[in-house]
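Pasting target_16.cif here (mmCIF, C-alpha atoms):
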data_my_file
#
loop_
_atom_site.label_atom_id
_atom_site.label_comp_id
_atom_site.auth_asym_id
_atom_site.auth_seq_id
_atom_site.Cartn_x
_atom_site.Cartn_y
_atom_site.Cartn_z
CA MET A 1 106.13 -86.95 -10.62
CA GLY A 2 109.39 -87.69 -12.43
CA SER A 3 111.76 -89.90 -10.47
CA ARG A 4 110.52 -88.81 -7.04
CA ARG A 5 109.28 -91.82 -5.04
CA THR A 6 109.02 -90.24 -1.58
CA ILE A 7 107.19 -87.09 -0.51
CA ARG A 8 108.25 -85.60 2.82
CA ILE A 9 105.76 -83.51 4.81
CA GLY A 10 107.02 -81.04 7.42
CA SER A 11 104.89 -80.70 10.54
CA ARG A 12 104.96 -79.27 14.04
CA GLY A 13 105.16 -81.93 16.73
CA SER A 14 101.94 -81.34 18.68
CA ARG A 15 99.34 -84.09 18.56
CA LEU A 16 96.97 -81.81 16.64
CA ALA A 17 99.63 -80.81 14.08
CA VAL A 18 100.59 -84.44 13.48
CA ILE A 19 96.91 -85.42 13.04
CA GLN A 20 96.49 -82.61 10.50
CA SER A 21 99.59 -83.70 8.60
CA THR A 22 98.47 -87.34 8.77
CA GLN A 23 95.14 -86.40 7.15
CA VAL A 24 97.02 -84.76 4.28
CA ARG A 25 99.45 -87.71 4.07
CA ASP A 26 96.62 -90.23 3.83
CA ILE A 27 94.89 -88.35 1.00
CA LEU A 28 98.16 -88.03 -0.93
CA ARG A 29 98.89 -91.76 -0.47
CA GLN A 30 95.40 -92.64 -1.68
CA GLN A 31 95.67 -90.42 -4.76
CA ASN A 32 99.25 -91.38 -5.61
CA PRO A 33 99.66 -95.15 -5.27
CA GLY A 34 103.27 -96.21 -5.47
CA ILE A 35 104.52 -92.98 -3.86
CA ASN A 36 105.78 -93.13 -0.28
CA VAL A 37 104.62 -90.19 1.88
CA GLU A 38 106.39 -89.50 5.19
CA ILE A 39 105.94 -86.94 8.00
CA GLN A 40 108.97 -85.16 9.42
CA VAL A 41 108.45 -83.34 12.75
CA ILE A 42 110.14 -79.94 13.10
CA LYS A 43 110.15 -77.89 16.32
CA THR A 44 109.22 -74.21 15.92
CA THR A 45 109.90 -71.13 18.05
CA GLY A 46 106.25 -71.06 19.13
CA ASP A 47 106.61 -74.63 20.42
CA LYS A 48 109.82 -73.91 22.33
CA ILE A 49 108.75 -70.74 24.19
CA LEU A 50 105.71 -71.64 26.26
CA ASP A 51 106.05 -69.31 29.26
CA THR A 52 105.58 -66.03 27.37
CA PRO A 53 102.40 -64.66 25.71
CA LEU A 54 102.52 -64.86 21.90
CA SER A 55 101.93 -61.11 21.70
CA LYS A 56 105.20 -60.52 23.61
CA ILE A 57 107.37 -62.78 21.44
CA GLY A 58 106.44 -61.20 18.13
CA ASP A 59 104.32 -63.02 15.61
CA LYS A 60 106.02 -63.23 12.22
CA GLY A 61 106.19 -66.94 11.59
CA LEU A 62 106.38 -68.20 15.18
CA PHE A 63 104.90 -71.54 14.14
CA THR A 64 106.13 -71.65 10.54
CA LYS A 65 109.61 -70.21 9.96
CA GLU A 66 111.69 -73.24 11.02
CA ILE A 67 109.52 -75.48 8.84
CA GLU A 68 109.81 -73.07 5.92
CA LYS A 69 113.60 -73.08 6.31
CA GLU A 70 113.60 -76.88 5.82
CA LEU A 71 111.19 -76.52 2.89
CA LEU A 72 113.46 -74.04 1.11
CA ALA A 73 116.50 -76.22 1.87
CA GLY A 74 114.77 -79.19 0.21
CA THR A 75 114.76 -81.32 3.38
CA ILE A 76 110.98 -81.56 3.05
CA ASP A 77 108.73 -81.26 -0.02
CA LEU A 78 105.71 -79.58 1.54
CA ALA A 79 104.52 -78.27 4.89
CA VAL A 80 101.12 -78.55 6.57
CA HIS A 81 100.17 -75.64 8.83
CA SER A 82 97.06 -74.45 10.62
CA MET A 83 95.97 -71.67 8.27
CA LYS A 84 95.55 -69.22 11.14
CA ASP A 85 99.30 -69.56 11.94
CA MET A 86 100.34 -68.38 8.46
CA PRO A 87 101.81 -64.87 8.25
CA THR A 88 100.32 -62.74 5.48
CA GLU A 89 103.77 -62.52 3.84
CA LEU A 90 105.50 -65.80 2.99
CA PRO A 91 109.25 -66.19 2.56
CA HIS A 92 110.55 -65.64 -0.97
CA GLY A 93 110.29 -68.95 -2.81
CA CYS A 94 107.29 -70.29 -0.83
CA VAL A 95 103.62 -70.35 -1.88
CA ILE A 96 100.40 -71.83 -0.55
CA GLY A 97 99.79 -74.76 -2.86
CA ALA A 98 96.43 -75.75 -1.37
CA ILE A 99 93.89 -74.60 1.20
CA THR A 100 91.95 -77.57 2.52
CA ALA A 101 88.20 -77.81 3.04
CA ARG A 102 87.18 -75.92 6.14
CA ILE A 103 85.45 -77.46 9.13
CA ASP A 104 83.50 -75.46 11.76
CA PRO A 105 85.51 -72.25 12.32
CA ARG A 106 83.89 -71.15 15.59
CA ASP A 107 85.47 -70.96 19.04
CA VAL A 108 84.23 -72.89 22.06
CA PHE A 109 84.09 -72.26 25.78
CA ILE A 110 85.27 -75.10 28.02
CA SER A 111 84.05 -74.69 31.58
CA ARG A 112 85.41 -76.33 34.71
CA ASN A 113 81.91 -76.55 36.22
CA GLY A 114 79.70 -76.80 33.13
CA LYS A 115 78.81 -73.10 33.16
CA ALA A 116 77.88 -71.24 29.99
CA LEU A 117 79.60 -67.93 29.21
CA ALA A 118 76.39 -66.11 30.14
CA ASP A 119 76.54 -67.68 33.65
CA LEU A 120 79.97 -66.28 34.52
CA GLN A 121 80.09 -63.71 37.31
CA GLU A 122 82.12 -60.53 37.63
CA GLY A 123 85.66 -61.40 38.72
CA ASP A 124 85.53 -64.95 37.35
CA ILE A 125 88.82 -65.97 35.72
CA VAL A 126 89.00 -67.22 32.13
CA ALA A 127 92.32 -68.34 30.61
CA THR A 128 93.29 -67.56 27.03
CA GLY A 129 96.52 -66.59 25.28
CA SER A 130 94.65 -64.94 22.41
CA LEU A 131 94.24 -61.14 22.40
CA ARG A 132 91.43 -61.62 19.85
CA ARG A 133 89.47 -63.84 22.22
CA LYS A 134 90.28 -61.72 25.26
CA ALA A 135 89.06 -58.46 23.73
CA GLN A 136 85.81 -59.94 22.40
CA LEU A 137 85.12 -61.80 25.64
CA LEU A 138 85.63 -58.63 27.69
CA GLY A 139 83.37 -56.78 25.25
CA TYR A 140 80.68 -59.36 25.99
CA ARG A 141 81.35 -59.70 29.76
CA PRO A 142 83.36 -56.66 30.93
CA GLY A 143 83.78 -57.84 34.55
CA LEU A 144 85.73 -61.02 33.81
CA GLU A 145 89.42 -61.43 34.64
CA ILE A 146 91.46 -62.85 31.76
CA ILE A 147 94.78 -64.61 32.42
CA ASP A 148 97.28 -65.89 29.87
CA ILE A 149 97.61 -69.57 29.00
CA ARG A 150 99.86 -71.20 26.36
CA GLY A 151 100.58 -74.66 25.03
CA ASN A 152 98.82 -77.27 22.95
CA VAL A 153 95.19 -78.25 23.51
CA GLN A 154 95.94 -80.99 26.03
CA SER A 155 98.38 -78.92 28.10
CA ARG A 156 95.99 -75.95 28.23
CA LEU A 157 93.16 -78.15 29.46
CA LYS A 158 95.50 -79.71 32.04
CA LYS A 159 96.57 -76.27 33.29
CA MET A 160 92.94 -75.21 33.58
CA ARG A 161 91.96 -78.31 35.55
CA GLU A 162 94.94 -78.00 37.89
CA ASP A 163 94.29 -74.33 38.76
CA PRO A 164 91.10 -74.07 40.87
CA ARG A 165 90.88 -70.32 40.21
CA ILE A 166 90.19 -70.79 36.50
CA GLU A 167 86.51 -71.07 35.53
CA GLY A 168 87.19 -71.95 31.90
CA THR A 169 89.15 -71.46 28.70
CA LEU A 170 88.52 -70.81 25.01
CA LEU A 171 89.70 -72.99 22.12
CA ALA A 172 88.97 -73.54 18.43
CA LEU A 173 86.23 -76.11 17.82
CA SER A 174 88.13 -77.37 14.76
CA GLY A 175 91.10 -78.43 16.90
CA LEU A 176 88.86 -80.36 19.27
CA GLU A 177 87.09 -82.02 16.33
CA ARG A 178 90.35 -83.15 14.74
CA LEU A 179 91.51 -84.51 18.10
CA GLY A 180 88.23 -86.37 18.62
CA MET A 181 87.52 -84.18 21.67
CA ARG A 182 84.43 -82.24 20.55
CA ASP A 183 82.56 -83.44 23.66
CA THR A 184 85.02 -81.45 25.80
CA ALA A 185 83.32 -78.21 24.68
CA THR A 186 80.75 -76.80 27.10
CA GLU A 187 79.40 -74.31 24.57
CA ILE A 188 80.01 -73.35 20.93
CA ILE A 189 80.36 -69.57 20.88
CA PRO A 190 78.27 -67.82 18.21
CA GLU A 191 79.99 -65.38 15.85
CA SER A 192 77.83 -62.61 17.29
CA ILE A 193 79.92 -62.93 20.49
CA ILE A 194 83.35 -64.00 19.21
CA ILE A 195 84.47 -63.87 15.58
CA PRO A 196 87.13 -66.52 14.81
CA ALA A 197 90.72 -65.92 13.77
CA VAL A 198 91.50 -65.37 10.10
CA GLY A 199 91.93 -68.78 8.45
CA GLN A 200 90.72 -70.75 11.49
CA ALA A 201 89.64 -74.37 10.79
CA SER A 202 91.41 -74.69 7.43
CA LEU A 203 94.86 -76.09 6.67
CA ALA A 204 97.53 -74.50 4.49
CA VAL A 205 99.72 -76.75 2.35
CA GLU A 206 102.89 -74.75 1.68
CA ILE A 207 105.26 -75.68 -1.11
CA ARG A 208 108.27 -74.30 -2.98
CA ARG A 209 107.24 -71.92 -5.75
CA ASP A 210 109.36 -73.71 -8.35
CA ASP A 211 108.36 -77.29 -7.43
CA HIS A 212 105.87 -77.98 -10.21
CA ASP A 213 105.65 -81.73 -9.46
CA ILE A 214 104.45 -81.11 -5.91
CA ALA A 215 102.20 -78.23 -7.02
CA GLU A 216 100.39 -80.65 -9.31
CA ILE A 217 100.10 -83.31 -6.60
CA VAL A 218 98.73 -81.02 -3.85
CA ARG A 219 96.23 -79.31 -6.15
CA ALA A 220 93.76 -82.11 -5.40
CA LEU A 221 93.76 -81.01 -1.73
CA ASP A 222 92.55 -77.50 -2.60
CA ASP A 223 88.95 -76.57 -1.78
CA ARG A 224 87.57 -73.65 -3.79
CA ASP A 225 85.08 -72.50 -1.15
CA ALA A 226 87.73 -72.54 1.57
CA ARG A 227 90.27 -70.81 -0.70
CA ASP A 228 87.93 -67.90 -1.57
CA ALA A 229 86.84 -67.49 2.07
CA VAL A 230 90.36 -67.67 3.51
CA LEU A 231 91.87 -65.37 0.87
CA CYS A 232 89.11 -62.84 1.64
CA GLU A 233 90.07 -62.99 5.32
CA ARG A 234 93.79 -62.76 4.58
CA ALA A 235 93.26 -59.72 2.34
CA PHE A 236 91.50 -58.12 5.32
CA LEU A 237 94.39 -59.01 7.66
CA THR A 238 96.99 -57.78 5.16
CA ALA A 239 95.21 -54.42 4.82
CA LEU A 240 95.29 -54.04 8.62
CA GLY A 241 98.89 -55.26 8.97
CA GLY A 242 97.83 -57.45 11.88
CA GLY A 243 98.79 -60.62 13.68
CA CYS A 244 99.02 -62.04 17.20
CA GLN A 245 99.80 -58.66 18.75
CA VAL A 246 96.43 -57.11 17.94
CA PRO A 247 92.77 -58.06 18.50
CA ILE A 248 91.71 -58.59 14.88
CA ALA A 249 89.13 -61.16 13.76
CA GLY A 250 87.53 -62.03 10.44
CA LEU A 251 85.24 -64.68 9.00
CA ALA A 252 84.07 -65.14 5.41
CA ARG A 253 81.33 -67.54 4.39
CA VAL A 254 80.68 -68.62 0.81
CA ALA A 255 77.17 -69.40 -0.47
CA GLY A 256 76.89 -70.21 -4.16
CA ASP A 257 78.41 -67.32 -6.10
CA ALA A 258 78.28 -64.94 -3.12
CA ILE A 259 80.59 -64.31 -0.21
CA ASN A 260 79.80 -62.60 3.09
CA PHE A 261 82.58 -61.27 5.29
CA THR A 262 82.56 -59.85 8.82
CA GLY A 263 85.66 -58.23 10.27
CA LEU A 264 86.50 -56.81 13.66
CA VAL A 265 89.10 -54.59 15.30
CA ALA A 266 89.02 -54.15 19.09
CA SER A 267 90.92 -52.40 21.84
CA LEU A 268 92.93 -54.70 24.11
CA ASP A 269 90.47 -54.24 26.99
CA GLY A 270 87.42 -54.89 24.81
CA GLY A 271 86.07 -51.45 25.70
CA THR A 272 85.96 -50.40 22.05
CA ILE A 273 84.96 -52.86 19.33
CA PHE A 274 84.47 -51.99 15.68
CA ARG A 275 82.68 -54.57 13.53
CA GLU A 276 81.71 -54.37 9.87
CA SER A 277 80.24 -56.76 7.28
CA ALA A 278 80.13 -56.76 3.49
CA SER A 279 78.80 -59.11 0.83
CA GLY A 280 79.37 -59.50 -2.87
CA SER A 281 80.44 -61.80 -5.66
CA ARG A 282 82.98 -64.40 -4.55
CA SER A 283 85.13 -63.40 -7.51
CA ARG A 284 85.74 -60.14 -5.59
CA HIS A 285 86.75 -61.90 -2.34
CA ALA A 286 90.04 -60.06 -1.85
CA GLU A 287 88.49 -56.69 -2.64
CA ILE A 288 85.68 -57.31 -0.12
CA GLY A 289 88.14 -58.20 2.65
CA SER A 290 90.26 -55.11 1.94
CA SER A 291 87.23 -52.80 1.80
CA VAL A 292 86.01 -53.95 5.23
CA ALA A 293 89.49 -53.24 6.62
CA GLU A 294 89.40 -49.75 5.13
CA THR A 295 85.95 -49.09 6.65
CA LEU A 296 87.07 -50.29 10.09
CA MET A 297 90.15 -48.07 9.95
CA LYS A 298 87.95 -45.05 9.21
CA MET A 299 85.54 -46.00 12.03
CA GLY A 300 88.37 -45.76 14.57
CA GLY A 301 90.34 -48.94 14.05
CA ARG A 302 93.40 -47.01 12.87
CA LYS A 303 93.61 -45.20 16.21
CA ILE A 304 93.41 -48.53 18.09
CA LEU A 305 96.06 -50.20 15.93
CA ASP A 306 98.39 -47.20 16.06
CA ALA A 307 98.17 -47.21 19.87
CA ILE A 308 98.86 -50.97 20.10
CA TYR A 309 101.72 -50.97 17.58
CA GLY A 310 103.16 -47.86 19.20
CA SER A 311 103.24 -49.48 22.64
CA ALA A 312 104.78 -52.66 21.18
CA THR A 313 107.83 -50.86 19.79
#
Before anything else, please render the file you have as structure tokens.
Amino acid sequence: MGSRRTIRIGSRGSRLAVIQSTQVRDILRQQNPGINVEIQVIKTTGDKILDTPLSKIGDKGLFTKEIEKELLAGTIDLAVHSMKDMPTELPHGCVIGAITARIDPRDVFISRNGKALADLQEGDIVATGSLRRKAQLLGYRPGLEIIDIRGNVQSRLKKMREDPRIEGTLLALSGLERLGMRDTATEIIPESIIIPAVGQASLAVEIRRDDHDIAEIVRALDDRDARDAVLCERAFLTALGGGCQVPIAGLARVAGDAINFTGLVASLDGGTIFRESASGSRSRHAEIGSSVAETLMKMGGRKILDAIYGSAT
């Protein structure tokens, strides 16, 4: 550790982001007695612009770039992000030093009146800012009306409760668990209905590439199962060139020496959904993710993505 006596963690300011950074801080304090670990809150573009859908703002580092700027400037020593917010390409000089153990990656439905997804009627309104969730939900229940909603977990739930038109909303179970709000969920949505976002339910610990002291310290936070699964998913996302502007989903699960991955590409209206799975040795995780992307492109995913990217330019 050399002469460094304080480690500074960069974090977004939402309650969930601070809880996630606090979990990392507490582990680092426990493993490095005598070292002071502090959290520094940094506001990101995604936190400042709350009245516009993410897909309209552009998605390259909406929730990470301001924090990465402070990391590269040396104002902070590491950053804690939700893994699903991480662009596939990091700024020059930054690397992911650790991927934390993953909790339940599935999405949940939160209903105003305790209804399950299967109980919703044609024309019922569900609020979500995620094109991934919207497309898969419409694929499952084509008659629903989907409206956009942004903000942190608490503000989204408040908006839903204050608007009598909204029947429910979709969130990540992992966020609710970390906030101690798991009981808020009406229903955990199976992967057969909605596949989670790439990296969902794991944390990324980002560091400077040349900071070997911090690299050594954060290595203890790294979980091999989560790393192989998430890197499989990110290889899939990289091969598709996707982000917030397109309905792409992917989930890898590790079992022993094997890994199973399911990926999805959908049209914005959920009318066309391509889904593909592949399994193999976990040592081939990146190759498996890329191969599923290639298969989906051949199935018709390329046409969908070209149409979406074309309309976005």
**Item:** Contacts of segment 64-80 of chain A within 6 Å, only C-alpha atoms, excl. fewer than 4 positions in-chain, as number ranges by chain
**Value:** A: 8-11, 21, 44, 204-207
**Complete:** Min atom-atom distance to Leu173 of chain A from the set A:Arg15, A:Lys303, A:Lys298, A:Arg106, counting all atoms listed in the file, belongs to A:Arg106
Once the PyMOL selection byres ((chain A and resi 286-288) around 8) is applied to the coordinates I shared, what remains selected? I want it as a compact mmCIF listing (two decimals) with C-alpha atoms, in the coordinates of the input.
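What landed in result_32.txt:
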# COMPACT_ATOMS: atom_id res chain seq x y z
CA LEU A 231 91.87 -65.37 0.87
CA CYS A 232 89.11 -62.84 1.64
CA GLU A 233 90.07 -62.99 5.32
CA ARG A 234 93.79 -62.76 4.58
CA ALA A 235 93.26 -59.72 2.34
CA PHE A 236 91.50 -58.12 5.32
CA PHE A 261 82.58 -61.27 5.29
CA ALA A 278 80.13 -56.76 3.49
CA SER A 279 78.80 -59.11 0.83
CA GLY A 280 79.37 -59.50 -2.87
CA ARG A 284 85.74 -60.14 -5.59
CA HIS A 285 86.75 -61.90 -2.34
CA GLY A 289 88.14 -58.20 2.65
CA SER A 290 90.26 -55.11 1.94
CA SER A 291 87.23 -52.80 1.80
CA VAL A 292 86.01 -53.95 5.23
**Request:** Could you state which residues are captured by the PyMOL selection byres ((chain A and resi 202) around 12) in this file, as a PyMOL selection string?
**Result:** chain A and resi 20+24+80-86+98-106+172-175+178+196-201+203-205+221-231+233+251
**Prompt:** If the PyMOL selection byres ((chain A and resi 148) around 8) is run on the structure shown, which residues does it catch, given as a ChimeraX atom specification?
**Reply:** /A:53,127-130,146-147,149-150
**Request:** Please indicate the distance in Å from atom CA of Phe274 of chain A to atom CA of Val108 of chain A, rounded to one decimal place.
**Result:** 21.9 Å
**Asked** How many Å separate atom CA of Leu120 of chain A from atom CA of Ala135 of chain A?
**Response**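 Separation of atom CA of Leu120 of chain A and atom CA of Ala135 of chain A: 16.1 Å.
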**Prompt:** Mind pulling up the distance from atom CA of Ser111 of chain A to atom CA of Leu176 of chain A?
**Reply:** 14.4 Å
**Item:** Shell around Leu138 of chain A at 8 Å using all atoms listed in the file, local window under 5 positions removed, as number ranges by chain
**Value:** A: 143-144, 269-271
**Request:** Write out as a list in words each polymer residue whose atoms come within 10 Å of Ile7 of chain A, counting all atoms listed in the file; drop sequence neighbours fewer than 6 positions from it.
**Result:** Arg25, Leu28, Arg29, Ile35, Asn36, Val37, Glu38, Ile39, Ile76, Asp77, Leu78 and Ile214 of chain A
Selection file, C-alpha atoms, as a PDB file, keeping the file's coordinate frame:
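Now in selection-v4.pdb:
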ATOM      1  CA  ARG A  25      99.450 -87.710   4.070  1.00  0.00           C
ATOM      2  CA  LEU A  28      98.160 -88.030  -0.930  1.00  0.00           C
ATOM      3  CA  ARG A  29      98.890 -91.760  -0.470  1.00  0.00           C
ATOM      4  CA  ILE A  35     104.520 -92.980  -3.860  1.00  0.00           C
ATOM      5  CA  ASN A  36     105.780 -93.130  -0.280  1.00  0.00           C
ATOM      6  CA  VAL A  37     104.620 -90.190   1.880  1.00  0.00           C
ATOM      7  CA  GLU A  38     106.390 -89.500   5.190  1.00  0.00           C
ATOM      8  CA  ILE A  39     105.940 -86.940   8.000  1.00  0.00           C
ATOM      9  CA  ILE A  76     110.980 -81.560   3.050  1.00  0.00           C
ATOM     10  CA  ASP A  77     108.730 -81.260  -0.020  1.00  0.00           C
ATOM     11  CA  LEU A  78     105.710 -79.580   1.540  1.00  0.00           C
ATOM     12  CA  ILE A 214     104.450 -81.110  -5.910  1.00  0.00           C
TER      13      ILE A 214
END
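Among the candidate residues A:Gln30, A:Gln154, A:Thr272, A:Ser283, the one lying nearest to Gly180 of chain A is A:Gln154, with distances computed using all atoms listed in the file.
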**Message:** Give me the residues near Asn113 of chain A as a PyMOL selection string, where near means some atom within 12 Å (using all atoms listed in the file) and where sequence neighbours in that chain fewer than 3 positions away do not count.
**Reply:** chain A and resi 109-110+116-117+119-120+160-161+164-169+184-186
Would you export the selected residues with C-alpha atoms as a CSV table (one decimal), in the frame of the given file, please?
chain,number,residue,atom,x,y,z
A,109,PHE,CA,84.1,-72.3,25.8
A,110,ILE,CA,85.3,-75.1,28.0
A,116,ALA,CA,77.9,-71.2,30.0
A,117,LEU,CA,79.6,-67.9,29.2
A,119,ASP,CA,76.5,-67.7,33.6
A,120,LEU,CA,80.0,-66.3,34.5
A,160,MET,CA,92.9,-75.2,33.6
A,161,ARG,CA,92.0,-78.3,35.6
A,164,PRO,CA,91.1,-74.1,40.9
A,165,ARG,CA,90.9,-70.3,40.2
A,166,ILE,CA,90.2,-70.8,36.5
A,167,GLU,CA,86.5,-71.1,35.5
A,168,GLY,CA,87.2,-72.0,31.9
A,169,THR,CA,89.2,-71.5,28.7
A,184,THR,CA,85.0,-81.4,25.8
A,185,ALA,CA,83.3,-78.2,24.7
A,186,THR,CA,80.8,-76.8,27.1
**Asked** Taking into account all atoms listed in the file, which residue in the set A:Leu170, A:Thr6, A:Leu90, A:Gly97 is nearest to Ala215 of chain A?
**Response**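 Looking only at the distances to Ala215 of chain A, the closest residue turns out to be A:Gly97.
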**Message:** I'd like to know which of A:Glu294, A:Arg209, A:Glu187, A:Thr22 is closest to Lys115 of chain A, using all atoms listed in the file.
**Reply:**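 Using all atoms listed in the file, the shortest distance to Lys115 of chain A belongs to A:Glu187.
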**Request:** Find, counting only C-alpha atoms, the residue in A:Leu16, A:Ala249, A:Met299, A:Leu131 that gets nearest to Glu191 of chain A.
**Result:**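 Counting only C-alpha atoms, the residue closest to Glu191 of chain A is A:Ala249.
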